[in-house]
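Enquirer: Input query.cif, format and content: mmCIF, C-alpha atoms.
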data_coords
#
loop_
_atom_site.label_atom_id
_atom_site.label_comp_id
_atom_site.auth_asym_id
_atom_site.auth_seq_id
_atom_site.Cartn_x
_atom_site.Cartn_y
_atom_site.Cartn_z
CA MET A 1 -22.67 198.62 111.00
CA ASN A 2 -21.80 195.27 112.55
CA ASN A 3 -18.45 194.91 114.21
CA LEU A 4 -16.53 192.10 112.60
CA THR A 5 -14.09 190.11 114.66
CA ILE A 6 -11.00 189.33 112.66
CA SER A 7 -9.25 186.27 114.06
CA GLU A 8 -5.54 185.60 113.78
CA PRO A 9 -4.68 183.17 110.98
CA ARG A 10 -4.39 179.68 112.43
CA GLU A 11 -0.97 178.05 112.17
CA ILE A 12 -1.12 174.79 110.26
CA LYS A 13 1.33 172.26 111.63
CA THR A 14 2.98 169.96 109.16
CA ALA A 15 4.55 166.69 110.09
CA PRO A 16 8.35 166.69 110.07
CA SER A 17 9.95 165.09 107.03
CA TYR A 18 11.54 161.69 107.36
CA GLY A 19 14.95 163.31 107.25
CA GLU A 20 14.05 165.75 110.03
CA LEU A 21 12.60 162.96 112.16
CA THR A 22 15.74 160.91 111.69
CA GLU A 23 18.05 163.75 112.73
CA ARG A 24 15.91 164.59 115.78
CA PHE A 25 15.92 160.95 116.78
CA LEU A 26 19.68 160.57 116.29
CA SER A 27 20.44 163.71 118.31
CA SER A 28 18.70 162.13 121.31
CA GLN A 29 20.64 158.85 121.18
CA ASP A 30 23.67 158.42 123.42
CA VAL A 31 25.57 156.10 121.07
CA LYS A 32 28.86 155.94 119.22
CA PRO A 33 29.22 157.63 115.78
CA SER A 34 29.31 154.21 114.10
CA SER A 35 25.96 153.36 115.69
CA ARG A 36 24.51 156.69 114.53
CA ARG A 37 25.52 155.88 110.98
CA LEU A 38 23.92 152.44 111.30
CA TYR A 39 20.71 153.94 112.73
CA ARG A 40 20.55 156.47 109.88
CA ARG A 41 20.97 153.80 107.18
CA THR A 42 18.46 151.50 108.85
CA LEU A 43 15.78 154.17 109.22
CA LYS A 44 16.32 155.34 105.64
CA GLN A 45 15.61 151.81 104.42
CA TYR A 46 12.50 151.61 106.60
CA PHE A 47 11.19 154.97 105.35
CA ASN A 48 11.91 153.96 101.74
CA TRP A 49 9.83 150.83 102.28
CA ILE A 50 6.96 152.95 103.62
CA GLU A 51 7.07 155.18 100.54
CA GLU A 52 7.23 152.20 98.19
CA LYS A 53 4.06 150.90 99.84
CA LEU A 54 2.44 154.34 99.34
CA LEU A 55 1.98 154.64 103.08
CA ASN A 56 2.83 157.35 105.60
CA LEU A 57 3.80 157.20 109.25
CA GLU A 58 0.32 158.22 110.40
CA ALA A 59 -1.10 155.10 108.73
CA ILE A 60 1.42 152.63 110.15
CA THR A 61 0.00 150.05 112.53
CA ARG A 62 1.43 146.96 114.17
CA LYS A 63 0.44 144.97 111.08
CA GLU A 64 2.72 147.05 108.84
CA ILE A 65 5.68 146.52 111.20
CA ILE A 66 5.10 142.76 110.99
CA ASP A 67 4.84 143.07 107.19
CA TYR A 68 8.15 144.94 107.17
CA LYS A 69 9.80 142.17 109.18
CA GLN A 70 8.56 139.60 106.69
CA TYR A 71 9.73 141.78 103.79
CA LEU A 72 13.28 141.76 105.21
CA LEU A 73 13.22 137.99 105.68
CA ASP A 74 11.85 137.45 102.16
CA ALA A 75 14.68 139.64 100.83
CA GLY A 76 17.15 137.07 102.15
CA LYS A 77 18.32 138.95 105.24
CA SER A 78 19.53 136.73 108.06
CA GLU A 79 17.62 136.50 111.32
CA LEU A 80 20.48 138.38 112.99
CA THR A 81 20.35 141.23 110.44
CA VAL A 82 16.55 141.49 110.60
CA GLY A 83 16.76 141.57 114.38
CA SER A 84 19.24 144.45 114.17
CA TYR A 85 16.98 146.40 111.80
CA LEU A 86 13.92 145.85 113.97
CA SER A 87 15.83 146.96 117.06
CA VAL A 88 16.42 150.37 115.47
CA VAL A 89 12.79 150.64 114.35
CA ARG A 90 11.64 149.82 117.89
CA LYS A 91 13.99 152.47 119.33
CA PHE A 92 12.59 155.00 116.86
CA TYR A 93 8.99 154.35 117.86
CA GLU A 94 9.83 154.45 121.57
CA TRP A 95 11.32 157.89 120.96
CA ALA A 96 8.43 158.97 118.69
CA GLU A 97 5.87 158.06 121.35
CA ALA A 98 7.83 159.81 124.11
CA TYR A 99 7.87 163.03 122.05
CA LYS A 100 4.21 162.55 121.02
CA TYR A 101 4.88 162.22 117.30
CA TYR A 102 3.43 158.74 116.75
CA PRO A 103 2.19 155.86 118.90
CA ASN A 104 4.63 153.05 119.60
CA VAL A 105 3.22 150.53 117.14
CA ALA A 106 6.49 148.54 117.20
CA LYS A 107 6.25 147.70 120.89
CA GLY A 108 6.46 143.95 121.45
CA ILE A 109 7.39 143.08 117.84
CA LYS A 110 9.54 140.00 118.21
CA THR A 111 12.97 139.48 116.76
CA PRO A 112 13.09 136.48 114.36
CA LYS A 113 14.26 133.39 116.16
CA ARG A 114 17.68 132.26 115.04
CA GLU A 115 18.18 128.62 114.21
CA LYS A 116 20.51 126.86 116.59
CA GLY A 117 23.86 125.82 115.26
CA PHE A 118 26.38 127.48 113.00
CA LYS A 119 25.51 128.24 109.40
CA LYS A 120 29.09 128.43 108.17
CA ASP A 121 31.18 125.35 107.55
CA PRO A 122 34.73 124.96 108.88
CA LEU A 123 37.54 123.91 106.58
CA THR A 124 39.17 120.54 107.00
CA ILE A 125 42.92 120.34 107.59
CA GLU A 126 43.35 119.18 103.98
CA GLN A 127 41.35 122.16 102.71
CA ILE A 128 43.37 124.56 104.86
CA LYS A 129 46.62 123.24 103.40
CA GLU A 130 45.26 123.39 99.85
CA LEU A 131 43.95 126.93 100.37
CA LEU A 132 47.25 128.27 101.70
CA SER A 133 49.36 126.49 99.08
CA SER A 134 47.15 127.88 96.29
CA ILE A 135 48.02 131.51 97.10
CA GLU A 136 51.09 132.59 95.17
CA THR A 137 53.50 134.62 97.30
CA GLU A 138 55.74 136.13 94.65
CA SER A 139 53.75 139.37 94.19
CA PRO A 140 53.00 141.96 96.90
CA GLN A 141 49.28 141.22 96.56
CA GLY A 142 49.86 137.49 96.89
CA LYS A 143 51.99 138.05 100.00
CA ARG A 144 49.27 140.25 101.49
CA ASP A 145 46.43 137.83 100.75
CA TYR A 146 48.42 134.90 102.12
CA ALA A 147 49.26 136.82 105.30
CA ILE A 148 45.58 137.73 105.85
CA VAL A 149 44.15 134.26 105.23
CA ASN A 150 46.89 132.56 107.23
CA LEU A 151 46.44 135.00 110.14
CA MET A 152 42.67 134.49 110.29
CA ILE A 153 42.96 130.70 110.24
CA ARG A 154 45.61 130.65 112.98
CA THR A 155 44.11 133.26 115.32
CA GLY A 156 40.36 133.27 114.66
CA LEU A 157 40.32 137.02 113.99
CA ARG A 158 37.10 138.58 112.75
CA THR A 159 37.24 140.61 109.52
CA ILE A 160 36.58 143.82 111.49
CA GLU A 161 39.53 143.02 113.75
CA VAL A 162 41.81 142.46 110.76
CA ILE A 163 41.02 145.81 109.15
CA ARG A 164 41.35 147.72 112.43
CA ALA A 165 44.88 146.41 113.05
CA ASP A 166 47.80 148.82 112.69
CA ILE A 167 51.49 147.94 112.33
CA GLU A 168 52.23 149.30 115.81
CA ASP A 169 49.70 146.85 117.30
CA ILE A 170 52.30 144.11 116.98
CA GLY A 171 54.05 143.88 120.33
CA TYR A 172 54.91 141.61 123.23
CA LYS A 173 53.03 140.32 126.24
CA ALA A 174 54.61 138.01 128.85
CA GLY A 175 57.45 137.35 126.42
CA GLU A 176 55.17 136.30 123.56
CA MET A 177 54.67 138.22 120.32
CA VAL A 178 51.06 139.36 120.09
CA LEU A 179 48.75 141.45 117.98
CA PHE A 180 46.66 143.81 120.08
CA ILE A 181 43.15 144.02 118.68
CA LYS A 182 40.05 146.16 118.90
CA GLY A 183 37.27 143.60 119.11
CA LYS A 184 33.67 143.80 117.97
CA GLY A 185 31.82 146.50 119.90
CA ARG A 186 34.99 147.63 121.70
CA ASP A 187 36.35 151.17 122.04
CA ALA A 188 39.96 150.24 122.72
CA LYS A 189 42.51 147.67 121.62
CA ASP A 190 42.26 145.83 124.92
CA ASN A 191 42.56 142.26 123.72
CA PHE A 192 45.15 140.29 121.81
CA VAL A 193 45.98 137.18 119.84
CA ILE A 194 49.33 135.42 119.97
CA LEU A 195 51.43 135.60 116.80
CA THR A 196 53.25 132.31 116.43
CA ALA A 197 56.20 132.13 114.05
CA LYS A 198 53.93 130.64 111.38
CA ALA A 199 51.47 133.54 111.79
CA TYR A 200 54.07 136.32 111.96
CA LYS A 201 56.53 135.43 109.18
CA PRO A 202 54.02 135.91 106.30
CA ILE A 203 53.09 139.31 107.79
CA LEU A 204 56.77 140.27 107.91
CA ASP A 205 57.26 139.12 104.30
CA TYR A 206 54.29 141.25 103.21
CA LEU A 207 55.42 144.34 105.14
CA SER A 208 58.83 144.12 103.46
CA THR A 209 57.11 144.86 100.14
CA ARG A 210 55.81 148.19 101.44
CA GLY A 211 59.23 149.70 102.07
CA LYS A 212 59.55 152.19 104.92
CA THR A 213 56.38 152.26 106.97
CA ASP A 214 55.03 154.22 109.90
CA GLY A 215 53.78 152.31 112.92
CA SER A 216 50.43 154.08 112.79
CA GLU A 217 49.72 152.80 109.27
CA PRO A 218 47.18 150.00 108.76
CA LEU A 219 48.67 146.53 108.97
CA PHE A 220 47.00 145.59 105.68
CA THR A 221 46.34 148.13 102.94
CA SER A 222 44.54 148.32 99.61
CA MET A 223 46.38 147.83 96.32
CA SER A 224 43.64 149.08 94.02
CA ASN A 225 44.23 152.21 91.97
CA ASN A 226 41.42 154.15 93.64
CA SER A 227 42.41 153.47 97.25
CA ARG A 228 46.05 152.39 97.17
CA GLY A 229 47.63 152.51 100.61
CA GLU A 230 44.34 152.98 102.42
CA ARG A 231 42.91 150.70 105.10
CA LEU A 232 41.05 147.68 103.74
CA THR A 233 37.32 147.28 104.29
CA THR A 234 35.50 144.23 105.65
CA ARG A 235 33.97 143.83 102.20
CA THR A 236 37.44 143.61 100.65
CA ILE A 237 38.55 141.00 103.19
CA SER A 238 35.42 138.98 102.45
CA PHE A 239 36.11 139.24 98.71
CA ILE A 240 39.74 138.15 99.13
CA VAL A 241 38.80 135.07 101.17
CA LYS A 242 35.83 134.13 98.97
CA SER A 243 37.93 134.46 95.81
CA ARG A 244 40.71 132.31 97.25
CA LEU A 245 38.18 129.66 98.33
CA LYS A 246 36.62 129.61 94.87
CA GLY A 247 40.12 129.23 93.45
CA ILE A 248 40.32 125.74 94.98
CA GLY A 249 36.77 124.82 94.03
CA LEU A 250 35.06 125.75 97.32
CA SER A 251 32.12 127.92 96.27
CA SER A 252 29.54 126.89 98.88
CA GLY A 253 27.48 129.67 100.42
CA LYS A 254 28.42 128.19 103.79
CA LEU A 255 32.09 128.96 103.23
CA THR A 256 32.91 132.64 103.78
CA ALA A 257 35.52 134.81 105.48
CA HIS A 258 33.84 134.06 108.81
CA SER A 259 34.36 130.35 108.12
CA LEU A 260 38.06 130.93 108.80
CA ARG A 261 37.21 132.04 112.34
CA HIS A 262 34.92 129.04 112.74
CA THR A 263 37.70 126.83 111.41
CA ALA A 264 40.11 128.16 114.05
CA GLY A 265 37.68 127.51 116.92
CA VAL A 266 36.80 124.02 115.77
CA ASN A 267 40.42 123.00 115.29
CA VAL A 268 41.45 124.23 118.75
CA LEU A 269 38.85 121.85 120.19
CA LYS A 270 39.94 119.02 117.90
CA ALA A 271 43.58 119.60 118.89
CA GLY A 272 42.70 118.97 122.54
CA GLY A 273 41.69 122.42 123.80
CA ASP A 274 38.88 122.40 126.36
CA LEU A 275 35.79 124.57 126.20
CA TYR A 276 37.20 127.30 128.48
CA THR A 277 40.47 127.49 126.54
CA THR A 278 38.52 127.79 123.30
CA GLN A 279 36.27 130.47 124.78
CA LEU A 280 39.33 132.56 125.71
CA PHE A 281 40.88 131.97 122.29
CA MET A 282 37.69 133.02 120.47
CA ARG A 283 37.12 135.92 122.90
CA HIS A 284 33.52 134.92 123.54
CA LYS A 285 31.76 136.61 126.46
CA ASP A 286 29.18 133.85 126.69
CA PRO A 287 30.36 130.21 126.87
CA ALA A 288 27.10 129.25 125.14
CA THR A 289 28.53 130.80 121.97
CA THR A 290 31.56 128.53 122.19
CA GLN A 291 29.23 125.54 122.52
CA ILE A 292 28.37 126.05 118.83
CA TYR A 293 31.92 125.03 117.90
CA LEU A 294 31.71 122.04 120.21
CA ARG A 295 28.53 120.90 118.46
CA THR A 296 30.38 121.01 115.14
CA VAL A 297 33.09 118.74 116.53
CA GLU A 298 30.46 116.39 117.95
CA GLU A 299 28.70 116.23 114.59
CA GLU A 300 31.97 115.33 112.85
CA PHE A 301 32.65 112.65 115.46
CA ARG A 302 29.13 111.32 114.96
CA ILE A 303 29.71 111.04 111.19
CA MET A 304 33.15 109.47 111.49
CA ASN A 305 31.91 106.90 114.03
CA ALA A 306 28.47 106.31 112.60
CA PRO A 307 26.63 103.54 114.50
CA GLU A 308 24.67 102.91 111.30
CA LYS A 309 27.88 101.62 109.70
CA LEU A 310 28.54 99.35 112.68
CA LEU A 311 25.11 97.82 112.19
CA ASP A 312 25.82 97.25 108.50
CA GLU A 313 28.85 95.19 109.52
CA LYS A 314 26.57 92.88 111.55
CA PHE A 315 23.79 92.19 109.09
#
Can the structure in the file be given as structure tokens, please?
Expert:
Amino acid sequence: MNNLTISEPREIKTAPSYGELTERFLSSQDVKPSSRRLYRRTLKQYFNWIEEKLLNLEAITRKEIIDYKQYLLDAGKSELTVGSYLSVVRKFYEWAEAYKYYPNVAKGIKTPKREKGFKKDPLTIEQIKELLSSIETESPQGKRDYAIVNLMIRTGLRTIEVIRADIEDIGYKAGEMVLFIKGKGRDAKDNFVILTAKAYKPILDYLSTRGKTDGSEPLFTSMSNNSRGERLTTRTISFIVKSRLKGIGLSSGKLTAHSLRHTAGVNVLKAGGDLYTTQLFMRHKDPATTQIYLRTVEEEFRIMNAPEKLLDEKF
């Protein structure tokens, strides 16, 4: 009788699911919770795209990553947004290669080049006046919307800075009333904007409609039935501004909530502020960013003093 050798059953390894891969990747990243949430959303979209293409991670090559970049651009995403998405995908593949899951097929994939210049238009002084005068201030909602729009135009606050503000962030610095703010990418409220009388009074009028308040409450709150009293979102701020702009006939895609910040920067320069003063006002780390606002002023000057018109006067 022959002796039969019975071997142990071989373990068949299965590739981790997309969800498992995502969680393993996230657990290795030394980033803030907000960045983890962004990474999770971004990878979910990337994995959904792979499934829609009937692909799997083993089949992904450099070509597919380039195709994905083009897919995002064709979907109308800005160069900045696409660059952010690709950054996460590149981080994922760096991690995947280090842990020997998949080769780093995203290495060297370039971020789309952003066009120079600013894609949002500033408001003219006449448009600013019309916008503010169009917001009724009899109702609590009208007072709130006026206070928000007015504050953004006068201080250049970003939407994220507006929603992060609490009542207790209003204080004093060197004898001036200020609003301490938590800027983009910051962990603390370590910067500020000055609240002039024209910026502060509408805020005070709005707060008076809320009755007794606690300093830790959000400066601006929702008035909808589902989230009354809760902190506003950036989407809500964008909707408020866009709706108010449409109310005076300004429906251009180049006029958004961020246009109010652009408007503030441009008008500081036009009022006589130099580049350094404007950089401090806008809280730009890189003076090259402030140059964008200067180019807008130069373009307006070029239009108002068009040499072409001078030539027309001659012949």
Enquirer: As an exercise, work out the distance from CA of Tyr293 in chain A to CA of Val266 in chain A in Å and give it to one decimal place.
Expert: 5.4 Å
Enquirer: Which residues, written as an MDAnalysis selection string, have at least one atom at most 12 Å from Ile125 in chain A, with all atoms listed in the file counted and residues fewer than 4 positions away on the same chain left out?
Expert: chainID A and resid 129:132 153:154 260 263:264 266:268 270:271
Enquirer: Generate the output file for the selected residues, C-alpha atoms, as a PDB file, in the coordinates of the input.
Expert:
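As a result, selection-v1.pdb now contains:
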ATOM      1  CA  LYS A 129      46.620 123.240 103.400  1.00  0.00           C
ATOM      2  CA  GLU A 130      45.260 123.390  99.850  1.00  0.00           C
ATOM      3  CA  LEU A 131      43.950 126.930 100.370  1.00  0.00           C
ATOM      4  CA  LEU A 132      47.250 128.270 101.700  1.00  0.00           C
ATOM      5  CA  ILE A 153      42.960 130.700 110.240  1.00  0.00           C
ATOM      6  CA  ARG A 154      45.610 130.650 112.980  1.00  0.00           C
ATOM      7  CA  LEU A 260      38.060 130.930 108.800  1.00  0.00           C
ATOM      8  CA  THR A 263      37.700 126.830 111.410  1.00  0.00           C
ATOM      9  CA  ALA A 264      40.110 128.160 114.050  1.00  0.00           C
ATOM     10  CA  VAL A 266      36.800 124.020 115.770  1.00  0.00           C
ATOM     11  CA  ASN A 267      40.420 123.000 115.290  1.00  0.00           C
ATOM     12  CA  VAL A 268      41.450 124.230 118.750  1.00  0.00           C
ATOM     13  CA  LYS A 270      39.940 119.020 117.900  1.00  0.00           C
ATOM     14  CA  ALA A 271      43.580 119.600 118.890  1.00  0.00           C
TER      15      ALA A 271
END
Enquirer: Here's the selection I'm unsure about, the PyMOL selection byres ((chain A and resi 215) around 9); applied to the file above, which residues does it give, as a list in words?
Expert: Asp166, Ile167, Glu168, Asp169, Thr213, Asp214, Ser216, Glu217, Pro218 and Leu219 of chain A
Enquirer: Just the selected residues (C-alpha atoms), exported as a PDB file, keeping the file's coordinate frame, please.
Expert:
ATOM      1  CA  ASP A 166      47.800 148.820 112.690  1.00  0.00           C
ATOM      2  CA  ILE A 167      51.490 147.940 112.330  1.00  0.00           C
ATOM      3  CA  GLU A 168      52.230 149.300 115.810  1.00  0.00           C
ATOM      4  CA  ASP A 169      49.700 146.850 117.300  1.00  0.00           C
ATOM      5  CA  THR A 213      56.380 152.260 106.970  1.00  0.00           C
ATOM      6  CA  ASP A 214      55.030 154.220 109.900  1.00  0.00           C
ATOM      7  CA  SER A 216      50.430 154.080 112.790  1.00  0.00           C
ATOM      8  CA  GLU A 217      49.720 152.800 109.270  1.00  0.00           C
ATOM      9  CA  PRO A 218      47.180 150.000 108.760  1.00  0.00           C
ATOM     10  CA  LEU A 219      48.670 146.530 108.970  1.00  0.00           C
TER      11      LEU A 219
END
Enquirer: For the file shown, what are the residues hit by the PyMOL selection byres ((chain A and resi 237) around 12), laid out as number ranges by chain?
Expert: A: 144-149, 152, 157-164, 220-222, 231-236, 238-244, 256-258, 260
Enquirer: Have a look at CA of Thr277 in chain A and CA of Lys113 in chain A and let me know their distance in Å, one decimal.
Expert: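 Atom-to-atom, CA of Thr277 in chain A and CA of Lys113 in chain A are spaced 28.8 Å apart.
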Enquirer: Quick one: residues within 8 Å of range 22-29 of chain A, all atoms listed in the file, excluding same-chain residues fewer than 6 positions away - as number ranges by chain?
Expert: A: 36, 39-40, 43, 92, 95-96
Enquirer: Suppose you want the space between CA of Thr155 in chain A and CA of Leu204 in chain A; what is it in Å?
Expert: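 A separation of 16.3 Å between them.
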Enquirer: Select all residues near (50.4, 130.4, 118.6) (cut-off 10 Å, inclusive, file coordinates), counting all atoms listed in the file, and output them as a list in words.
Expert: Arg154, Thr155, Glu176, Met177, Val178, Val193, Ile194, Leu195, Thr196, Ala197, Lys198, Ala199 and Tyr200 of chain A
Enquirer: Name every residue that the PyMOL selection byres ((chain A and resi 109) around 10) selects in this structure, writing the answer as a ChimeraX atom specification with chains first and numbers rising.
Expert: /A:62-63,65-66,69,86-87,89-90,105-108,110-112
Enquirer: Could you check the closest approach to Leu269 in chain A for each of A:Val297, A:Ala288, A:Ala59, A:Leu73 and tell me which residue wins, using all atoms listed in the file?
Expert: A:Val297
Enquirer: If I put a ball of radius 10 Å at (61.3, 142.9, 97.0) in the file's coordinates, which residues poke into it when counting only C-alpha atoms, written as a PyMOL selection string?
Expert: chain A and resi 138-140+205-206+208-211
Enquirer: Restricting the calculation to only C-alpha atoms, which member of A:Tyr46, A:Arg283, A:Ile248, A:Val31 is positioned closest to Val82 in chain A?
Expert: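 Nearest candidate to Val82 in chain A out of A:Tyr46, A:Arg283, A:Ile248, A:Val31: A:Tyr46.
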Enquirer: Kindly indicate which residue among A:Ser78, A:Gln141, A:Leu311, A:Ala98 lies nearest to Ser224 in chain A, using all atoms listed in the file for the distances.
Expert: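 Looking at the shortest contact to Ser224 in chain A, the residue is A:Gln141.
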Enquirer: Which of these, A:Phe47, A:Phe281, A:Tyr101, A:Phe192, has the shortest distance to Tyr68 in chain A once you count all atoms listed in the file?
Expert: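 Once distances to Tyr68 in chain A are computed over all atoms listed in the file, the minimum belongs to A:Phe47.
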Enquirer: What would range 166-191 of chain A look like with N, CA and C atoms restored, written as a PDB file, keeping the file's coordinate frame?
Expert:
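File written: rebuild_5.pdb
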ATOM      1  N   ASP A 166      46.726 147.962 113.191  1.00  0.00           N
ATOM      2  CA  ASP A 166      47.800 148.820 112.690  1.00  0.00           C
ATOM      3  C   ASP A 166      49.131 148.105 112.906  1.00  0.00           C
ATOM      4  N   ILE A 167      50.169 148.567 112.205  1.00  0.00           N
ATOM      5  CA  ILE A 167      51.490 147.940 112.330  1.00  0.00           C
ATOM      6  C   ILE A 167      51.973 147.987 113.778  1.00  0.00           C
ATOM      7  N   GLU A 168      51.746 149.129 114.451  1.00  0.00           N
ATOM      8  CA  GLU A 168      52.230 149.300 115.810  1.00  0.00           C
ATOM      9  C   GLU A 168      51.489 148.420 116.828  1.00  0.00           C
ATOM     10  N   ASP A 169      50.429 147.739 116.396  1.00  0.00           N
ATOM     11  CA  ASP A 169      49.700 146.850 117.300  1.00  0.00           C
ATOM     12  C   ASP A 169      50.422 145.531 117.527  1.00  0.00           C
ATOM     13  N   ILE A 170      51.465 145.294 116.755  1.00  0.00           N
ATOM     14  CA  ILE A 170      52.300 144.110 116.980  1.00  0.00           C
ATOM     15  C   ILE A 170      53.255 144.422 118.125  1.00  0.00           C
ATOM     16  N   GLY A 171      53.195 143.635 119.166  1.00  0.00           N
ATOM     17  CA  GLY A 171      54.050 143.880 120.330  1.00  0.00           C
ATOM     18  C   GLY A 171      54.291 142.606 121.108  1.00  0.00           C
ATOM     19  N   TYR A 172      54.604 142.763 122.389  1.00  0.00           N
ATOM     20  CA  TYR A 172      54.910 141.610 123.230  1.00  0.00           C
ATOM     21  C   TYR A 172      54.090 141.641 124.512  1.00  0.00           C
ATOM     22  N   LYS A 173      53.727 140.467 124.972  1.00  0.00           N
ATOM     23  CA  LYS A 173      53.030 140.320 126.240  1.00  0.00           C
ATOM     24  C   LYS A 173      53.521 139.036 126.899  1.00  0.00           C
ATOM     25  N   ALA A 174      54.053 139.163 128.119  1.00  0.00           N
ATOM     26  CA  ALA A 174      54.610 138.010 128.850  1.00  0.00           C
ATOM     27  C   ALA A 174      55.619 137.237 128.006  1.00  0.00           C
ATOM     28  N   GLY A 175      56.402 137.973 127.224  1.00  0.00           N
ATOM     29  CA  GLY A 175      57.450 137.350 126.420  1.00  0.00           C
ATOM     30  C   GLY A 175      56.992 136.769 125.107  1.00  0.00           C
ATOM     31  N   GLU A 176      55.702 136.840 124.806  1.00  0.00           N
ATOM     32  CA  GLU A 176      55.170 136.300 123.560  1.00  0.00           C
ATOM     33  C   GLU A 176      54.815 137.438 122.598  1.00  0.00           C
ATOM     34  N   MET A 177      55.091 137.231 121.313  1.00  0.00           N
ATOM     35  CA  MET A 177      54.670 138.220 120.320  1.00  0.00           C
ATOM     36  C   MET A 177      53.161 138.151 120.157  1.00  0.00           C
ATOM     37  N   VAL A 178      52.515 139.298 120.187  1.00  0.00           N
ATOM     38  CA  VAL A 178      51.060 139.360 120.090  1.00  0.00           C
ATOM     39  C   VAL A 178      50.640 140.454 119.128  1.00  0.00           C
ATOM     40  N   LEU A 179      49.383 140.379 118.725  1.00  0.00           N
ATOM     41  CA  LEU A 179      48.750 141.450 117.980  1.00  0.00           C
ATOM     42  C   LEU A 179      47.611 141.970 118.842  1.00  0.00           C
ATOM     43  N   PHE A 180      47.725 143.215 119.297  1.00  0.00           N
ATOM     44  CA  PHE A 180      46.660 143.810 120.080  1.00  0.00           C
ATOM     45  C   PHE A 180      45.508 144.175 119.152  1.00  0.00           C
ATOM     46  N   ILE A 181      44.298 143.855 119.570  1.00  0.00           N
ATOM     47  CA  ILE A 181      43.150 144.020 118.680  1.00  0.00           C
ATOM     48  C   ILE A 181      42.024 144.804 119.342  1.00  0.00           C
ATOM     49  N   LYS A 182      41.275 145.466 118.486  1.00  0.00           N
ATOM     50  CA  LYS A 182      40.050 146.160 118.900  1.00  0.00           C
ATOM     51  C   LYS A 182      38.892 145.279 118.471  1.00  0.00           C
ATOM     52  N   GLY A 183      38.310 144.569 119.422  1.00  0.00           N
ATOM     53  CA  GLY A 183      37.270 143.600 119.110  1.00  0.00           C
ATOM     54  C   GLY A 183      35.948 144.219 118.729  1.00  0.00           C
ATOM     55  N   LYS A 184      35.016 143.371 118.370  1.00  0.00           N
ATOM     56  CA  LYS A 184      33.670 143.800 117.970  1.00  0.00           C
ATOM     57  C   LYS A 184      33.003 144.520 119.138  1.00  0.00           C
ATOM     58  N   GLY A 185      32.520 145.745 118.875  1.00  0.00           N
ATOM     59  CA  GLY A 185      31.820 146.500 119.900  1.00  0.00           C
ATOM     60  C   GLY A 185      32.726 147.125 120.945  1.00  0.00           C
ATOM     61  N   ARG A 186      34.053 147.084 120.731  1.00  0.00           N
ATOM     62  CA  ARG A 186      34.990 147.630 121.700  1.00  0.00           C
ATOM     63  C   ARG A 186      35.439 149.026 121.296  1.00  0.00           C
ATOM     64  N   ASP A 187      35.858 149.813 122.297  1.00  0.00           N
ATOM     65  CA  ASP A 187      36.350 151.170 122.040  1.00  0.00           C
ATOM     66  C   ASP A 187      37.861 151.260 122.073  1.00  0.00           C
ATOM     67  N   ALA A 188      38.501 150.223 122.599  1.00  0.00           N
ATOM     68  CA  ALA A 188      39.960 150.240 122.720  1.00  0.00           C
ATOM     69  C   ALA A 188      40.537 148.898 122.290  1.00  0.00           C
ATOM     70  N   LYS A 189      41.830 148.902 121.998  1.00  0.00           N
ATOM     71  CA  LYS A 189      42.510 147.670 121.620  1.00  0.00           C
ATOM     72  C   LYS A 189      42.983 146.990 122.909  1.00  0.00           C
ATOM     73  N   ASP A 190      42.016 146.384 123.601  1.00  0.00           N
ATOM     74  CA  ASP A 190      42.260 145.830 124.920  1.00  0.00           C
ATOM     75  C   ASP A 190      42.266 144.311 124.938  1.00  0.00           C
ATOM     76  N   ASN A 191      42.448 143.707 123.785  1.00  0.00           N
ATOM     77  CA  ASN A 191      42.560 142.260 123.720  1.00  0.00           C
ATOM     78  C   ASN A 191      43.689 141.912 122.770  1.00  0.00           C
TER      79      ASN A 191
END
